There are 2 protein chains.
Amino acid sequence: MAGRMPIKPDTSCSSCRVRELCLSVGLKPADAARLSEIIPQRLKIKKNAALFHAGEPFRSLYAVRHGCFKTTISSEAGRGQLTGFQMPGELLGIDAISRNRYACDAVALEDSEVCPIHFAQLERLSRELPSLQHNLNRTLSQEVVRDHEMLLSLGNLNAEERLAAFFLDLSRRMECRGYSPNAFVLRMTREDIGSYLGLRLETICRAIAFLRSNDIVKVSGRAVEILDPPRLKALLAGKTDDHIARRAI
Amino acid sequence: MAGRMPIKPDTSCSSCRVRELCLSVGLKPADAARLSEIIPQRLKIKKNAALFHAGEPFRSLYAVRHGCFKTTISSEAGRGQLTGFQMPGELLGIDAISRNRYACDAVALEDSEVCPIHFAQLERLSRELPSLQHNLNRTLSQEVVRDHEMLLSLGNLNAEERLAAFFLDLSRRMECRGYSPNAFVLRMTREDIGSYLGLRLETICRAIAFLRSNDIVKVSGRAVEILDPPRLKALLAGKTDDHIARRAI
DNA sequence: CGTTGGTTTGACTTCGATCAACCAGTGTGG
DNA sequence: CCACACTGGTTGATCGAAGTCAAACCAACG
């Protein structure tokens, strides 16, 4: 359990910075307070430590309070796939509900903090609070929508388009959390991005080089700056943009 | 609404052939009866007719009673992705919960029948019936798990492996429904399979030809017979099977 | 410092996309 | 009844995007 330590029981949803992104969204203060009650203590997870592993028995969902996680699954054949990056307000462990065991590994990409939500208690409480119940259903459905969008990416887009979609997704999520949508720091390696997008890390590097050489983004190390959001979106929309040079001459 | 017609109100979950695969699984007879109550009438959908379209307002989930559906999403750029095939007992429309609009098109692959489940009523009822509530949560989570497995396929497997995984998935689902796992009829075209697996239809044909030439499956038209289940599984497990000939000489 | 993990770039290979031709059913209208 | 168009499936030839292998680079850090 190295890297997993409980912290002081100060977990009020109503005062949480990400309350408008989490299960508590739209809840009346009294209801949010009841949700807080079933979250006895937050948990700190150190960078590179696992919050849970695939196969472990399922007890709780975890809401990311701050920091960032990645979730990965792997096949018997040893192939691995990164299934998502979770930012504050997002839930970890929803793929565990169906079989009562976590289906993926969840690893912190930086020192992070989560709110454990005992699932049986959450189900019980959401029988009393219709809006909590609906929030949970909406969150699960939202994950399905996100996954289908990823399937569309992997099935239809080339490397540069996938990377553009990835940057735009991060951009949107940063904006939702009150940060600049056009300048942010990546929490993950090129290899992680590659695994997520179904590409090799070298291909990610080359796709970044391509975007950079067209002055669409500025990337140095993990720092990303989106210089030309419209062109980045146009790339995705499949518009053959004449201003984009495949190779600088 | 051509192709959509209501039929006589004989919708008892407790006597349904797929009750053990649907939301009604494990419900006490009295509870199953209450679930039936919120399903006033079944709906027949003709082959190639749409049950719903992306963007339409969400009212109901639909449980497939018999037949088969495909769901597809498409991007602004006109790219399309097939996100799933739904067989009896499976739910259509769960990606609509999050935004109150259907996120995909659902099209019948053969003359089919569905049970519309008004979602607001389902939520209300599941507040009273914990096991129904849990079934719904498990079903949503199960869809997430399925989608993550598809991401693993698209991100890591080559054409033959994806097709093998696809056949094995169909095989398992046929078996769950009481049919032979080793002989079944495809309801979809090669193009549909290709869209689902992120490949072109020609590649599907070639992958089929490959499996056929190794006597792993017998495929003529839509009829599939799995001749050698262990070799089909071994293919997926990534074991370099010396008995598999890449090209017949 | 030297080690290490992560990133970048180059050269070459390969798998699947693309384009094209052709075939088998199947339904339609003359 | 036949001619035909049409849809879906198969196979071949060619090409290109991404994978693979390799080398070098860089920043962080003990």
# chains A, B, ... in the order shown; residues from 1 in each chain; ligands from 1
$ closest_atom_pairs --of "chain A" --to "chain D" --cutoff "8 Å" --atoms "only C-alpha atoms (C1' of nucleotides)" --output "JSON lines"
{"residue": "A:Leu199", "atom": "CA", "partner": "D:DA18", "partner_atom": "C1'", "distance": 7.9}
{"residue": "A:Arg200", "atom": "CA", "partner": "D:DG19", "partner_atom": "C1'", "distance": 7.4}
{"residue": "A:Thr203", "atom": "CA", "partner": "D:DA18", "partner_atom": "C1'", "distance": 7.0}
$ residues_around --residues "region 216-230 of chain A" --least-positions-apart "6" --cutoff "6 Å" --atoms "only C-alpha atoms (C1' of nucleotides)" --output "MDAnalysis selection string"
chainID A and resid 182:186
$ write_last_selection --atoms "N, CA and C atoms" --output "PDB file, in the first residue's frame"
ATOM      1  N   ASN A 182      -5.711  27.105 -24.005  1.00  0.00           N
ATOM      2  CA  ASN A 182      -4.690  27.158 -25.050  1.00  0.00           C
ATOM      3  C   ASN A 182      -3.261  27.006 -24.553  1.00  0.00           C
ATOM      4  N   ALA A 183      -3.100  26.778 -23.268  1.00  0.00           N
ATOM      5  CA  ALA A 183      -1.762  26.517 -22.744  1.00  0.00           C
ATOM      6  C   ALA A 183      -1.899  25.611 -21.538  1.00  0.00           C
ATOM      7  N   PHE A 184      -1.289  24.449 -21.638  1.00  0.00           N
ATOM      8  CA  PHE A 184      -1.370  23.512 -20.514  1.00  0.00           C
ATOM      9  C   PHE A 184      -0.155  22.588 -20.545  1.00  0.00           C
ATOM     10  N   VAL A 185      -0.019  21.846 -19.482  1.00  0.00           N
ATOM     11  CA  VAL A 185       1.125  20.948 -19.359  1.00  0.00           C
ATOM     12  C   VAL A 185       0.625  19.506 -19.393  1.00  0.00           C
ATOM     13  N   LEU A 186       1.233  18.716 -20.244  1.00  0.00           N
ATOM     14  CA  LEU A 186       0.867  17.303 -20.324  1.00  0.00           C
ATOM     15  C   LEU A 186       1.355  16.582 -19.083  1.00  0.00           C
TER      16      LEU A 186
END
$ atom_distance --atom1 "CA of Arg138 (chain B)" --atom2 "CA of Cys68 (chain B)"
21.6 Å
$ atom_distance --atom1 "CA of Arg173 (chain B)" --atom2 "CA of Ile94 (chain B)"
19.3 Å
$ interface_residues --of "chain C" --to "chain A" --cutoff "12 Å" --atoms "only C-alpha atoms (C1' of nucleotides)" --output "ChimeraX atom specification"
/C:5-10,17
$ write_last_selection --atoms "all heavy atoms" --output "compact mmCIF listing (two decimals), in the first residue's frame"
# COMPACT_ATOMS: atom_id res chain seq x y z
P DG C 5 15.51 4.08 -16.15
OP1 DG C 5 15.04 3.12 -15.14
OP2 DG C 5 16.08 3.58 -17.43
O5' DG C 5 14.32 5.07 -16.47
C5' DG C 5 14.06 6.16 -15.58
C4' DG C 5 13.38 7.28 -16.37
O4' DG C 5 14.38 7.98 -17.16
C3' DG C 5 12.33 6.77 -17.36
O3' DG C 5 11.23 7.65 -17.31
C2' DG C 5 13.06 6.80 -18.71
C1' DG C 5 14.02 7.97 -18.52
N9 DG C 5 15.25 7.88 -19.30
C8 DG C 5 16.00 6.76 -19.58
N7 DG C 5 17.07 7.02 -20.28
C5 DG C 5 17.02 8.39 -20.48
C6 DG C 5 17.91 9.25 -21.18
O6 DG C 5 18.94 8.97 -21.78
N1 DG C 5 17.47 10.58 -21.13
C2 DG C 5 16.34 11.02 -20.49
N2 DG C 5 16.09 12.32 -20.56
N3 DG C 5 15.51 10.23 -19.85
C4 DG C 5 15.91 8.93 -19.87
P DG C 6 9.90 7.37 -18.13
OP1 DG C 6 8.76 7.73 -17.29
OP2 DG C 6 10.03 6.03 -18.75
O5' DG C 6 10.00 8.47 -19.29
C5' DG C 6 10.04 9.83 -18.93
C4' DG C 6 10.50 10.63 -20.12
O4' DG C 6 11.82 10.21 -20.50
C3' DG C 6 9.62 10.46 -21.37
O3' DG C 6 9.12 11.75 -21.70
C2' DG C 6 10.58 9.93 -22.44
C1' DG C 6 11.93 10.37 -21.89
N9 DG C 6 13.06 9.60 -22.37
C8 DG C 6 13.29 8.25 -22.21
N7 DG C 6 14.41 7.85 -22.76
C5 DG C 6 14.95 9.00 -23.31
C6 DG C 6 16.15 9.19 -24.03
O6 DG C 6 17.00 8.36 -24.34
N1 DG C 6 16.31 10.52 -24.41
C2 DG C 6 15.43 11.54 -24.11
N2 DG C 6 15.74 12.75 -24.55
N3 DG C 6 14.31 11.37 -23.44
C4 DG C 6 14.13 10.08 -23.07
P DT C 7 8.14 11.95 -22.94
OP1 DT C 7 7.30 13.12 -22.58
OP2 DT C 7 7.55 10.66 -23.30
O5' DT C 7 9.11 12.42 -24.12
C5' DT C 7 9.87 13.60 -23.94
C4' DT C 7 10.78 13.79 -25.14
O4' DT C 7 11.75 12.74 -25.20
C3' DT C 7 10.07 13.80 -26.50
O3' DT C 7 10.27 15.09 -27.07
C2' DT C 7 10.74 12.68 -27.28
C1' DT C 7 12.07 12.52 -26.55
N1 DT C 7 12.74 11.20 -26.62
C2 DT C 7 13.97 11.11 -27.22
O2 DT C 7 14.53 12.06 -27.71
N3 DT C 7 14.52 9.86 -27.23
C4 DT C 7 13.97 8.71 -26.70
O4 DT C 7 14.56 7.64 -26.77
C5 DT C 7 12.68 8.86 -26.08
C7 DT C 7 11.99 7.68 -25.48
C6 DT C 7 12.12 10.09 -26.06
P DT C 8 9.55 15.52 -28.42
OP1 DT C 8 9.41 16.99 -28.40
OP2 DT C 8 8.40 14.64 -28.66
O5' DT C 8 10.68 15.16 -29.49
C5' DT C 8 11.92 15.84 -29.43
C4' DT C 8 12.85 15.28 -30.48
O4' DT C 8 13.21 13.93 -30.13
C3' DT C 8 12.28 15.20 -31.89
O3' DT C 8 13.00 16.12 -32.69
C2' DT C 8 12.49 13.74 -32.32
C1' DT C 8 13.52 13.24 -31.33
N1 DT C 8 13.47 11.80 -30.99
C2 DT C 8 14.56 11.01 -31.26
O2 DT C 8 15.57 11.43 -31.78
N3 DT C 8 14.41 9.70 -30.89
C4 DT C 8 13.31 9.11 -30.28
O4 DT C 8 13.32 7.92 -30.00
C5 DT C 8 12.21 9.99 -30.04
C7 DT C 8 10.96 9.45 -29.39
C6 DT C 8 12.33 11.28 -30.39
P DT C 9 12.50 16.51 -34.15
OP1 DT C 9 13.00 17.86 -34.42
OP2 DT C 9 11.07 16.20 -34.28
O5' DT C 9 13.32 15.49 -35.08
C5' DT C 9 14.72 15.42 -34.92
C4' DT C 9 15.26 14.25 -35.71
O4' DT C 9 15.05 13.02 -34.99
C3' DT C 9 14.62 14.05 -37.09
O3' DT C 9 15.63 14.23 -38.06
C2' DT C 9 14.07 12.62 -37.04
C1' DT C 9 14.87 11.99 -35.92
N1 DT C 9 14.20 10.88 -35.19
C2 DT C 9 14.90 9.72 -34.99
O2 DT C 9 16.03 9.54 -35.38
N3 DT C 9 14.21 8.75 -34.30
C4 DT C 9 12.91 8.85 -33.81
O4 DT C 9 12.39 7.92 -33.21
C5 DT C 9 12.24 10.11 -34.08
C7 DT C 9 10.84 10.30 -33.61
C6 DT C 9 12.91 11.05 -34.74
P DG C 10 15.38 13.99 -39.63
OP1 DG C 10 16.27 14.92 -40.35
OP2 DG C 10 13.93 13.98 -39.89
O5' DG C 10 15.93 12.51 -39.82
C5' DG C 10 17.28 12.23 -39.52
C4' DG C 10 17.63 10.80 -39.94
O4' DG C 10 17.02 9.88 -38.99
C3' DG C 10 17.10 10.39 -41.32
O3' DG C 10 18.14 9.70 -42.01
C2' DG C 10 15.92 9.49 -41.01
C1' DG C 10 16.35 8.86 -39.69
N9 DG C 10 15.26 8.40 -38.85
C8 DG C 10 14.16 9.13 -38.44
N7 DG C 10 13.34 8.45 -37.66
C5 DG C 10 13.94 7.20 -37.57
C6 DG C 10 13.51 6.04 -36.88
O6 DG C 10 12.51 5.89 -36.18
N1 DG C 10 14.40 4.98 -37.04
C2 DG C 10 15.55 5.04 -37.79
N2 DG C 10 16.28 3.94 -37.85
N3 DG C 10 15.96 6.12 -38.44
C4 DG C 10 15.11 7.16 -38.29
P DA C 17 -7.60 -1.02 -43.71
OP1 DA C 17 -8.36 -0.35 -42.65
OP2 DA C 17 -8.11 -2.25 -44.35
O5' DA C 17 -7.30 0.07 -44.84
C5' DA C 17 -6.58 1.23 -44.49
C4' DA C 17 -6.38 2.10 -45.71
O4' DA C 17 -5.43 1.47 -46.58
C3' DA C 17 -7.64 2.32 -46.55
O3' DA C 17 -7.65 3.66 -47.01
C2' DA C 17 -7.51 1.29 -47.67
C1' DA C 17 -6.00 1.17 -47.84
N9 DA C 17 -5.56 -0.17 -48.20
C8 DA C 17 -5.87 -1.35 -47.55
N7 DA C 17 -5.30 -2.41 -48.09
C5 DA C 17 -4.57 -1.90 -49.15
C6 DA C 17 -3.74 -2.51 -50.10
N6 DA C 17 -3.49 -3.82 -50.15
N1 DA C 17 -3.16 -1.71 -51.03
C2 DA C 17 -3.40 -0.40 -50.99
N3 DA C 17 -4.16 0.29 -50.13
C4 DA C 17 -4.71 -0.53 -49.23
$ closest_atom_pairs --of "chain A" --to "chain B" --cutoff "6 Å" --atoms "only C-alpha atoms" --output "CSV"
residue,atom,partner,partner_atom,distance
A:Ala77,CA,B:Ala237,CA,4.7
A:Gln81,CA,B:Leu152,CA,5.3
A:Asp95,CA,B:Ser141,CA,5.1
A:Ile97,CA,B:Arg138,CA,5.6
A:Ser98,CA,B:Arg138,CA,4.2
A:Arg127,CA,B:Arg127,CA,4.5
A:Arg138,CA,B:Ser98,CA,4.2
A:Ser141,CA,B:Asp95,CA,5.1
A:Gln142,CA,B:Ser98,CA,5.2
A:Val144,CA,B:Val144,CA,5.6
A:Val145,CA,B:Asp95,CA,5.6
A:Leu152,CA,B:Gln81,CA,5.3
A:Gly155,CA,B:Gly198,CA,4.0
A:Gly198,CA,B:Gly155,CA,4.0
A:Ala237,CA,B:Ala77,CA,4.7
A:Gly238,CA,B:Ala77,CA,5.6
$ atom_distance --atom1 "CA of Ala63 (chain A)" --atom2 "CA of Ser171 (chain A)"
20.6 Å
$ select_by_dssp --residues "region 109-165 of chain B" --states "helix (DSSP H, G or I)" --output "VMD selection string"
chain B and resid 119 to 128 130 to 156 159 to 165
$ select_by_dssp --residues "region 75-199 of chain A" --states "strand (DSSP E)" --output "MDAnalysis selection string"
chainID A and resid 80:86 91:92 105:108 112:118 183:185
$ decode --residues "region 171-215 of chain A" --atoms "N, CA and C atoms" --output "PDB file, in the first residue's frame"
ATOM      1  N   SER A 171      -7.832  20.403 -24.191  1.00  0.00           N
ATOM      2  CA  SER A 171      -8.093  21.838 -24.159  1.00  0.00           C
ATOM      3  C   SER A 171      -9.471  22.130 -23.565  1.00  0.00           C
ATOM      4  N   ARG A 172     -10.463  21.403 -24.062  1.00  0.00           N
ATOM      5  CA  ARG A 172     -11.833  21.585 -23.586  1.00  0.00           C
ATOM      6  C   ARG A 172     -11.936  21.263 -22.097  1.00  0.00           C
ATOM      7  N   ARG A 173     -11.286  20.196 -21.692  1.00  0.00           N
ATOM      8  CA  ARG A 173     -11.385  19.793 -20.292  1.00  0.00           C
ATOM      9  C   ARG A 173     -10.641  20.757 -19.378  1.00  0.00           C
ATOM     10  N   MET A 174      -9.535  21.324 -19.846  1.00  0.00           N
ATOM     11  CA  MET A 174      -8.842  22.336 -19.051  1.00  0.00           C
ATOM     12  C   MET A 174      -9.748  23.549 -18.882  1.00  0.00           C
ATOM     13  N   GLU A 175     -10.389  23.923 -19.962  1.00  0.00           N
ATOM     14  CA  GLU A 175     -11.266  25.093 -19.913  1.00  0.00           C
ATOM     15  C   GLU A 175     -12.407  24.872 -18.917  1.00  0.00           C
ATOM     16  N   CYS A 176     -13.033  23.684 -18.968  1.00  0.00           N
ATOM     17  CA  CYS A 176     -14.093  23.343 -18.020  1.00  0.00           C
ATOM     18  C   CYS A 176     -13.646  23.540 -16.581  1.00  0.00           C
ATOM     19  N   ARG A 177     -12.352  23.339 -16.344  1.00  0.00           N
ATOM     20  CA  ARG A 177     -11.834  23.417 -14.971  1.00  0.00           C
ATOM     21  C   ARG A 177     -11.264  24.774 -14.647  1.00  0.00           C
ATOM     22  N   GLY A 178     -11.526  25.726 -15.524  1.00  0.00           N
ATOM     23  CA  GLY A 178     -11.142  27.096 -15.228  1.00  0.00           C
ATOM     24  C   GLY A 178      -9.719  27.462 -15.609  1.00  0.00           C
ATOM     25  N   TYR A 179      -9.057  26.579 -16.365  1.00  0.00           N
ATOM     26  CA  TYR A 179      -7.714  26.901 -16.820  1.00  0.00           C
ATOM     27  C   TYR A 179      -7.752  27.388 -18.264  1.00  0.00           C
ATOM     28  N   SER A 180      -6.651  27.938 -18.714  1.00  0.00           N
ATOM     29  CA  SER A 180      -6.572  28.358 -20.100  1.00  0.00           C
ATOM     30  C   SER A 180      -6.723  27.155 -21.025  1.00  0.00           C
ATOM     31  N   PRO A 181      -7.563  27.269 -22.065  1.00  0.00           N
ATOM     32  CA  PRO A 181      -7.697  26.149 -22.995  1.00  0.00           C
ATOM     33  C   PRO A 181      -6.528  26.083 -23.979  1.00  0.00           C
ATOM     34  N   ASN A 182      -5.711  27.105 -24.005  1.00  0.00           N
ATOM     35  CA  ASN A 182      -4.690  27.158 -25.050  1.00  0.00           C
ATOM     36  C   ASN A 182      -3.261  27.006 -24.553  1.00  0.00           C
ATOM     37  N   ALA A 183      -3.100  26.778 -23.268  1.00  0.00           N
ATOM     38  CA  ALA A 183      -1.762  26.517 -22.744  1.00  0.00           C
ATOM     39  C   ALA A 183      -1.899  25.611 -21.538  1.00  0.00           C
ATOM     40  N   PHE A 184      -1.289  24.449 -21.638  1.00  0.00           N
ATOM     41  CA  PHE A 184      -1.370  23.512 -20.514  1.00  0.00           C
ATOM     42  C   PHE A 184      -0.155  22.588 -20.545  1.00  0.00           C
ATOM     43  N   VAL A 185      -0.019  21.846 -19.482  1.00  0.00           N
ATOM     44  CA  VAL A 185       1.125  20.948 -19.359  1.00  0.00           C
ATOM     45  C   VAL A 185       0.625  19.506 -19.393  1.00  0.00           C
ATOM     46  N   LEU A 186       1.233  18.716 -20.244  1.00  0.00           N
ATOM     47  CA  LEU A 186       0.867  17.303 -20.324  1.00  0.00           C
ATOM     48  C   LEU A 186       1.355  16.582 -19.083  1.00  0.00           C
ATOM     49  N   ARG A 187       0.514  15.691 -18.576  1.00  0.00           N
ATOM     50  CA  ARG A 187       0.903  14.947 -17.388  1.00  0.00           C
ATOM     51  C   ARG A 187       1.468  13.587 -17.769  1.00  0.00           C
ATOM     52  N   MET A 188       1.349  13.220 -19.017  1.00  0.00           N
ATOM     53  CA  MET A 188       1.686  11.857 -19.463  1.00  0.00           C
ATOM     54  C   MET A 188       2.837  11.864 -20.476  1.00  0.00           C
ATOM     55  N   THR A 189       3.457  10.708 -20.629  1.00  0.00           N
ATOM     56  CA  THR A 189       4.557  10.582 -21.589  1.00  0.00           C
ATOM     57  C   THR A 189       4.019  10.426 -23.014  1.00  0.00           C
ATOM     58  N   ARG A 190       4.914  10.530 -23.967  1.00  0.00           N
ATOM     59  CA  ARG A 190       4.540  10.282 -25.371  1.00  0.00           C
ATOM     60  C   ARG A 190       4.047   8.844 -25.540  1.00  0.00           C
ATOM     61  N   GLU A 191       4.651   7.961 -24.789  1.00  0.00           N
ATOM     62  CA  GLU A 191       4.265   6.553 -24.877  1.00  0.00           C
ATOM     63  C   GLU A 191       2.822   6.374 -24.398  1.00  0.00           C
ATOM     64  N   ASP A 192       2.458   7.051 -23.312  1.00  0.00           N
ATOM     65  CA  ASP A 192       1.084   7.007 -22.823  1.00  0.00           C
ATOM     66  C   ASP A 192       0.113   7.534 -23.877  1.00  0.00           C
ATOM     67  N   ILE A 193       0.457   8.664 -24.465  1.00  0.00           N
ATOM     68  CA  ILE A 193      -0.412   9.244 -25.498  1.00  0.00           C
ATOM     69  C   ILE A 193      -0.563   8.240 -26.641  1.00  0.00           C
ATOM     70  N   GLY A 194       0.569   7.640 -27.027  1.00  0.00           N
ATOM     71  CA  GLY A 194       0.538   6.655 -28.103  1.00  0.00           C
ATOM     72  C   GLY A 194      -0.375   5.488 -27.763  1.00  0.00           C
ATOM     73  N   SER A 195      -0.234   4.965 -26.560  1.00  0.00           N
ATOM     74  CA  SER A 195      -1.066   3.829 -26.170  1.00  0.00           C
ATOM     75  C   SER A 195      -2.544   4.218 -26.201  1.00  0.00           C
ATOM     76  N   TYR A 196      -2.834   5.431 -25.745  1.00  0.00           N
ATOM     77  CA  TYR A 196      -4.214   5.911 -25.730  1.00  0.00           C
ATOM     78  C   TYR A 196      -4.765   6.034 -27.143  1.00  0.00           C
ATOM     79  N   LEU A 197      -3.928   6.532 -28.068  1.00  0.00           N
ATOM     80  CA  LEU A 197      -4.401   6.810 -29.426  1.00  0.00           C
ATOM     81  C   LEU A 197      -4.161   5.660 -30.396  1.00  0.00           C
ATOM     82  N   GLY A 198      -3.659   4.541 -29.883  1.00  0.00           N
ATOM     83  CA  GLY A 198      -3.418   3.400 -30.765  1.00  0.00           C
ATOM     84  C   GLY A 198      -2.259   3.625 -31.711  1.00  0.00           C
ATOM     85  N   LEU A 199      -1.215   4.319 -31.249  1.00  0.00           N
ATOM     86  CA  LEU A 199      -0.055   4.632 -32.084  1.00  0.00           C
ATOM     87  C   LEU A 199       1.224   4.389 -31.284  1.00  0.00           C
ATOM     88  N   ARG A 200       2.363   4.317 -31.982  1.00  0.00           N
ATOM     89  CA  ARG A 200       3.657   4.188 -31.295  1.00  0.00           C
ATOM     90  C   ARG A 200       4.126   5.566 -30.853  1.00  0.00           C
ATOM     91  N   LEU A 201       4.995   5.568 -29.866  1.00  0.00           N
ATOM     92  CA  LEU A 201       5.462   6.868 -29.375  1.00  0.00           C
ATOM     93  C   LEU A 201       6.197   7.659 -30.443  1.00  0.00           C
ATOM     94  N   GLU A 202       6.939   6.959 -31.325  1.00  0.00           N
ATOM     95  CA  GLU A 202       7.637   7.676 -32.399  1.00  0.00           C
ATOM     96  C   GLU A 202       6.646   8.402 -33.300  1.00  0.00           C
ATOM     97  N   THR A 203       5.501   7.752 -33.522  1.00  0.00           N
ATOM     98  CA  THR A 203       4.486   8.370 -34.370  1.00  0.00           C
ATOM     99  C   THR A 203       3.910   9.619 -33.703  1.00  0.00           C
ATOM    100  N   ILE A 204       3.766   9.567 -32.362  1.00  0.00           N
ATOM    101  CA  ILE A 204       3.316  10.750 -31.637  1.00  0.00           C
ATOM    102  C   ILE A 204       4.315  11.889 -31.822  1.00  0.00           C
ATOM    103  N   CYS A 205       5.594  11.569 -31.666  1.00  0.00           N
ATOM    104  CA  CYS A 205       6.633  12.587 -31.868  1.00  0.00           C
ATOM    105  C   CYS A 205       6.533  13.219 -33.249  1.00  0.00           C
ATOM    106  N   ARG A 206       6.366  12.369 -34.243  1.00  0.00           N
ATOM    107  CA  ARG A 206       6.297  12.887 -35.611  1.00  0.00           C
ATOM    108  C   ARG A 206       5.034  13.719 -35.827  1.00  0.00           C
ATOM    109  N   ALA A 207       3.945  13.284 -35.230  1.00  0.00           N
ATOM    110  CA  ALA A 207       2.706  14.050 -35.376  1.00  0.00           C
ATOM    111  C   ALA A 207       2.847  15.408 -34.693  1.00  0.00           C
ATOM    112  N   ILE A 208       3.526  15.432 -33.541  1.00  0.00           N
ATOM    113  CA  ILE A 208       3.779  16.704 -32.872  1.00  0.00           C
ATOM    114  C   ILE A 208       4.657  17.581 -33.767  1.00  0.00           C
ATOM    115  N   ALA A 209       5.691  16.970 -34.332  1.00  0.00           N
ATOM    116  CA  ALA A 209       6.593  17.719 -35.216  1.00  0.00           C
ATOM    117  C   ALA A 209       5.816  18.329 -36.379  1.00  0.00           C
ATOM    118  N   PHE A 210       4.858  17.557 -36.887  1.00  0.00           N
ATOM    119  CA  PHE A 210       4.037  18.041 -37.992  1.00  0.00           C
ATOM    120  C   PHE A 210       3.218  19.266 -37.572  1.00  0.00           C
ATOM    121  N   LEU A 211       2.536  19.167 -36.426  1.00  0.00           N
ATOM    122  CA  LEU A 211       1.727  20.295 -35.961  1.00  0.00           C
ATOM    123  C   LEU A 211       2.613  21.510 -35.674  1.00  0.00           C
ATOM    124  N   ARG A 212       3.780  21.227 -35.139  1.00  0.00           N
ATOM    125  CA  ARG A 212       4.693  22.310 -34.784  1.00  0.00           C
ATOM    126  C   ARG A 212       5.186  23.020 -36.039  1.00  0.00           C
ATOM    127  N   SER A 213       5.558  22.221 -37.053  1.00  0.00           N
ATOM    128  CA  SER A 213       6.140  22.811 -38.260  1.00  0.00           C
ATOM    129  C   SER A 213       5.116  23.638 -39.028  1.00  0.00           C
ATOM    130  N   ASN A 214       3.837  23.431 -38.700  1.00  0.00           N
ATOM    131  CA  ASN A 214       2.793  24.233 -39.339  1.00  0.00           C
ATOM    132  C   ASN A 214       2.309  25.363 -38.434  1.00  0.00           C
ATOM    133  N   ASP A 215       3.038  25.592 -37.358  1.00  0.00           N
ATOM    134  CA  ASP A 215       2.695  26.661 -36.420  1.00  0.00           C
ATOM    135  C   ASP A 215       1.275  26.550 -35.879  1.00  0.00           C
TER     136      ASP A 215
END
